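> Right, I'll just put the structure down here and ask away after.
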Amino acid sequence: MIIIKSRQEIDIMRESGKVTGYILNTLADFIKPGMSTMDIDRYVEQTIKKNKMIPTFKGYGGFPGNACVSINEEVVHGIPDKRRIIHEGDIVSVDVGATYKGYVSDAARTYPVGKVDDEAMRLIEVTKASFFEGIKYARVGYRLSDISHAIQAKAEGEGYSVIRDFVGHGVGREMHEDPQIPNYGKPGKGPRLVSGMVFAIEPMICQGTYEIETLLNDWTVVTADGKLAAHYENTVVINDGEPELLTL
């Protein structure tokens with residue numbers, strides 16, 4: 001069941017989204033070669049708690065970190081680790097959630113570390129662009145799969161593949177609510193969008209195959225061919241006009 005949010009609920013989510021968005025914006029300058037993924041996790045935790053909110057990811061399904069920090073071929077769910085060092089030329093995906101008054105915001109970005117090669121930078125840019133193609137259809141009257149199709153068409157049109165096994169989702173009191181929002185599929189399918197729906201829309205795009213593997217830690221997901229992956233996500237409110245991006 002898709003839960004329609006009231007104006008008051010969206011107001012609360014907007015406050016949470018500001019903090020999540022602030023973290024992701026400031027990480028662009030924070031992340032440096034030589035730091036560990038745990039350094040990023042500590043920054044996320046401190047910033048969320050300083051704003052009197054709760055790190056959503058900590059303990060969610062047993063996840064040990066405050067953020068998912070994934071490097072290069074890691075698609076999602078990288079576990080922060082003080083021994084995992086970030087190097088010049090890496091790309092780092094950070095997925096963050098903050099909970100305020102019982103409501104969740106969820107967003108992600110992929111960052112170039114120092115000077116990265118042109119192909120890595122292009123992957124990051126196309127992943128972001130595929131998100132914005134998708135939200136052209138995040139409007140009242142369109143169907144859910146119109147978003148999915150637009151994301152896929154942009155990514156594959158640029159020569160990339162779209163992860164199948166992980167999808168976007170509704171978000172509100174729970175981090176994962178109905179509906180699931182694949183980043184691929186035919187248009188014109190699924191529920192028709194109405195005002196008050198709130199989604200976490202999150203393209204995960206790869207240089208090579210969309211096939212994935214999960215590491216022995218049972219969390220970290222990597223591309224099966226070892227090629228790079230990127231991630232871009234925002235919490236999006238469906239309105240009568242333009243969609244609102246709470247975490248931008």
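Letters A, B, ... go to the chains of the structure tokens in the order shown; residues in each chain start at 1; ligands are counted from 1 in the same order.
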Return as JSON, numbers by chain the full set of residues in stretch 122-208 of chain A whose backbone-based DSSP assignment is helix (DSSP H, G or I).
{"A": [122, 123, 124, 125, 126, 127, 128, 129, 130, 131, 132, 133, 134, 135, 136, 137, 144, 145, 146, 147, 148, 149, 150, 151, 152, 153, 154, 155, 156, 157]}
> Which residues are close to A:Ala98, i.e. within 9 Å by only C-alpha atoms, leaving aside same-chain residues fewer than 3 positions away? Reply as a list in words.
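The neighbour list is Ser16, Gly17, Val19, Thr20, Ile48, Met53, Ile54, Pro55, Thr56, Phe57, Tyr103, Val104, Ser105 and Asp106 of chain A.
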> For the residues in that selection, give me all heavy atoms as a tab-separated table (two decimals), in the first residue's frame.

```tsv
chain	number	residue	atom	x	y	z
A	16	SER	N	14.22	16.94	7.86
A	16	SER	CA	15.17	15.84	7.77
A	16	SER	C	15.96	15.91	6.48
A	16	SER	O	17.19	15.71	6.45
A	16	SER	CB	14.43	14.51	7.87
A	16	SER	OG	15.30	13.43	7.61
A	17	GLY	N	15.27	16.20	5.39
A	17	GLY	CA	15.92	16.27	4.09
A	17	GLY	C	16.97	17.35	4.01
A	17	GLY	O	18.00	17.18	3.33
A	19	VAL	N	19.01	18.26	6.34
A	19	VAL	CA	20.23	17.77	6.97
A	19	VAL	C	20.92	16.74	6.08
A	19	VAL	O	22.14	16.77	5.88
A	19	VAL	CB	19.93	17.19	8.37
A	19	VAL	CG1	21.15	16.50	8.96
A	19	VAL	CG2	19.46	18.31	9.28
A	20	THR	N	20.14	15.82	5.53
A	20	THR	CA	20.72	14.83	4.61
A	20	THR	C	21.35	15.51	3.41
A	20	THR	O	22.47	15.18	3.00
A	20	THR	CB	19.65	13.83	4.17
A	20	THR	OG1	19.16	13.12	5.32
A	20	THR	CG2	20.19	12.83	3.17
A	48	ILE	N	24.43	14.47	11.79
A	48	ILE	CA	23.03	14.12	12.04
A	48	ILE	C	22.68	14.35	13.51
A	48	ILE	O	21.65	14.97	13.83
A	48	ILE	CB	22.76	12.66	11.63
A	48	ILE	CG1	22.84	12.51	10.11
A	48	ILE	CG2	21.37	12.22	12.12
A	48	ILE	CD1	22.74	11.07	9.62
A	53	MET	N	18.88	14.70	15.22
A	53	MET	CA	18.21	13.67	14.44
A	53	MET	C	18.91	12.33	14.66
A	53	MET	O	19.94	12.26	15.35
A	53	MET	CB	18.19	14.05	12.95
A	53	MET	CG	17.41	15.32	12.69
A	53	MET	SD	17.28	15.74	10.93
A	53	MET	CE	16.49	17.35	11.05
A	54	ILE	N	18.36	11.29	14.09
A	54	ILE	CA	18.87	9.93	14.29
A	54	ILE	C	19.42	9.40	12.97
A	54	ILE	O	18.75	9.51	11.93
A	54	ILE	CB	17.75	9.01	14.79
A	54	ILE	CG1	17.22	9.48	16.14
A	54	ILE	CG2	18.23	7.55	14.88
A	54	ILE	CD1	15.93	8.80	16.56
A	55	PRO	N	20.64	8.82	12.96
A	55	PRO	CA	21.14	8.17	11.74
A	55	PRO	C	20.27	6.95	11.41
A	55	PRO	O	20.25	5.97	12.16
A	55	PRO	CB	22.57	7.76	12.11
A	55	PRO	CG	22.94	8.61	13.30
A	55	PRO	CD	21.65	8.80	14.05
A	56	THR	N	19.55	7.02	10.32
A	56	THR	CA	18.58	5.98	9.98
A	56	THR	C	19.23	4.63	9.74
A	56	THR	O	18.67	3.59	10.07
A	56	THR	CB	17.80	6.39	8.71
A	56	THR	OG1	17.29	7.72	8.90
A	56	THR	CG2	16.65	5.45	8.44
A	57	PHE	N	20.41	4.64	9.13
A	57	PHE	CA	21.01	3.39	8.69
A	57	PHE	C	21.59	2.57	9.84
A	57	PHE	O	21.72	1.35	9.73
A	57	PHE	CB	22.13	3.65	7.68
A	57	PHE	CG	21.67	4.19	6.35
A	57	PHE	CD1	20.35	4.51	6.10
A	57	PHE	CD2	22.58	4.38	5.32
A	57	PHE	CE1	19.92	5.00	4.90
A	57	PHE	CE2	22.17	4.87	4.09
A	57	PHE	CZ	20.85	5.19	3.87
A	103	TYR	N	10.27	10.40	10.94
A	103	TYR	CA	10.22	10.40	9.48
A	103	TYR	C	11.62	10.43	8.88
A	103	TYR	O	12.50	11.11	9.38
A	103	TYR	CB	9.39	11.58	8.97
A	103	TYR	CG	7.92	11.41	9.23
A	103	TYR	CD1	7.36	11.80	10.44
A	103	TYR	CD2	7.08	10.83	8.27
A	103	TYR	CE1	6.01	11.62	10.70
A	103	TYR	CE2	5.73	10.65	8.52
A	103	TYR	CZ	5.20	11.04	9.74
A	103	TYR	OH	3.86	10.86	9.99
A	104	VAL	N	11.76	9.71	7.77
A	104	VAL	CA	13.07	9.43	7.17
A	104	VAL	C	13.28	10.25	5.90
A	104	VAL	O	12.35	10.43	5.10
A	104	VAL	CB	13.17	7.93	6.82
A	104	VAL	CG1	14.46	7.62	6.06
A	104	VAL	CG2	13.08	7.09	8.09
A	105	SER	N	14.51	10.73	5.71
A	105	SER	CA	14.97	11.19	4.39
A	105	SER	C	16.12	10.29	3.97
A	105	SER	O	16.88	9.81	4.80
A	105	SER	CB	15.42	12.65	4.44
A	105	SER	OG	16.50	12.80	5.36
A	106	ASP	N	16.26	10.08	2.67
A	106	ASP	CA	17.22	9.11	2.14
A	106	ASP	C	17.78	9.65	0.84
A	106	ASP	O	17.00	10.04	-0.06
A	106	ASP	CB	16.50	7.76	1.92
A	106	ASP	CG	17.40	6.65	1.45
A	106	ASP	OD1	18.63	6.79	1.52
A	106	ASP	OD2	16.85	5.61	1.01
```
> Report as a Markdown table: every residue of stretch 92-188 of chain A with an atom at most 10 Å from stretch 68-82 of chain A, its closest pair of atoms, and their distance in Å to one decimal, counting only C-alpha atoms, with rows sorted by chain and ascending residue number.

```
| residue | atom | partner | partner_atom | distance |
| --- | --- | --- | --- | --- |
| A:Val92 | CA | A:Ile71 | CA | 4.6 |
| A:Ser93 | CA | A:Ser70 | CA | 5.0 |
| A:Val94 | CA | A:Val69 | CA | 4.7 |
| A:Asp95 | CA | A:Cys68 | CA | 5.0 |
| A:Val96 | CA | A:Cys68 | CA | 6.8 |
| A:Gly97 | CA | A:Cys68 | CA | 9.5 |
| A:Ala108 | CA | A:Cys68 | CA | 9.0 |
| A:Thr110 | CA | A:Ser70 | CA | 8.8 |
| A:Tyr111 | CA | A:Ile71 | CA | 9.6 |
| A:Pro112 | CA | A:Asn72 | CA | 9.8 |
| A:Ala120 | CA | A:Asn72 | CA | 9.0 |
| A:Ile163 | CA | A:Val75 | CA | 8.7 |
| A:Phe166 | CA | A:Val76 | CA | 8.9 |
```
> Could you tell me how far atom CA of A:Gly89 lies from atom CA of A:Asp29, in Å and to one decimal?
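Value for the atom CA of A:Gly89-atom CA of A:Asp29 distance: 14.9 Å.
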> What separation in Å, quoted to one decimal, exists between atom CA of A:His149 and atom CA of A:Asp225?
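Straight-line distance from atom CA of A:His149 to atom CA of A:Asp225 works out to 24.5 Å.
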> As a count of residues only, please: the residues near A:Glu211 (cut-off 12 Å, only C-alpha atoms, same-chain neighbours under 3 positions excluded).
22
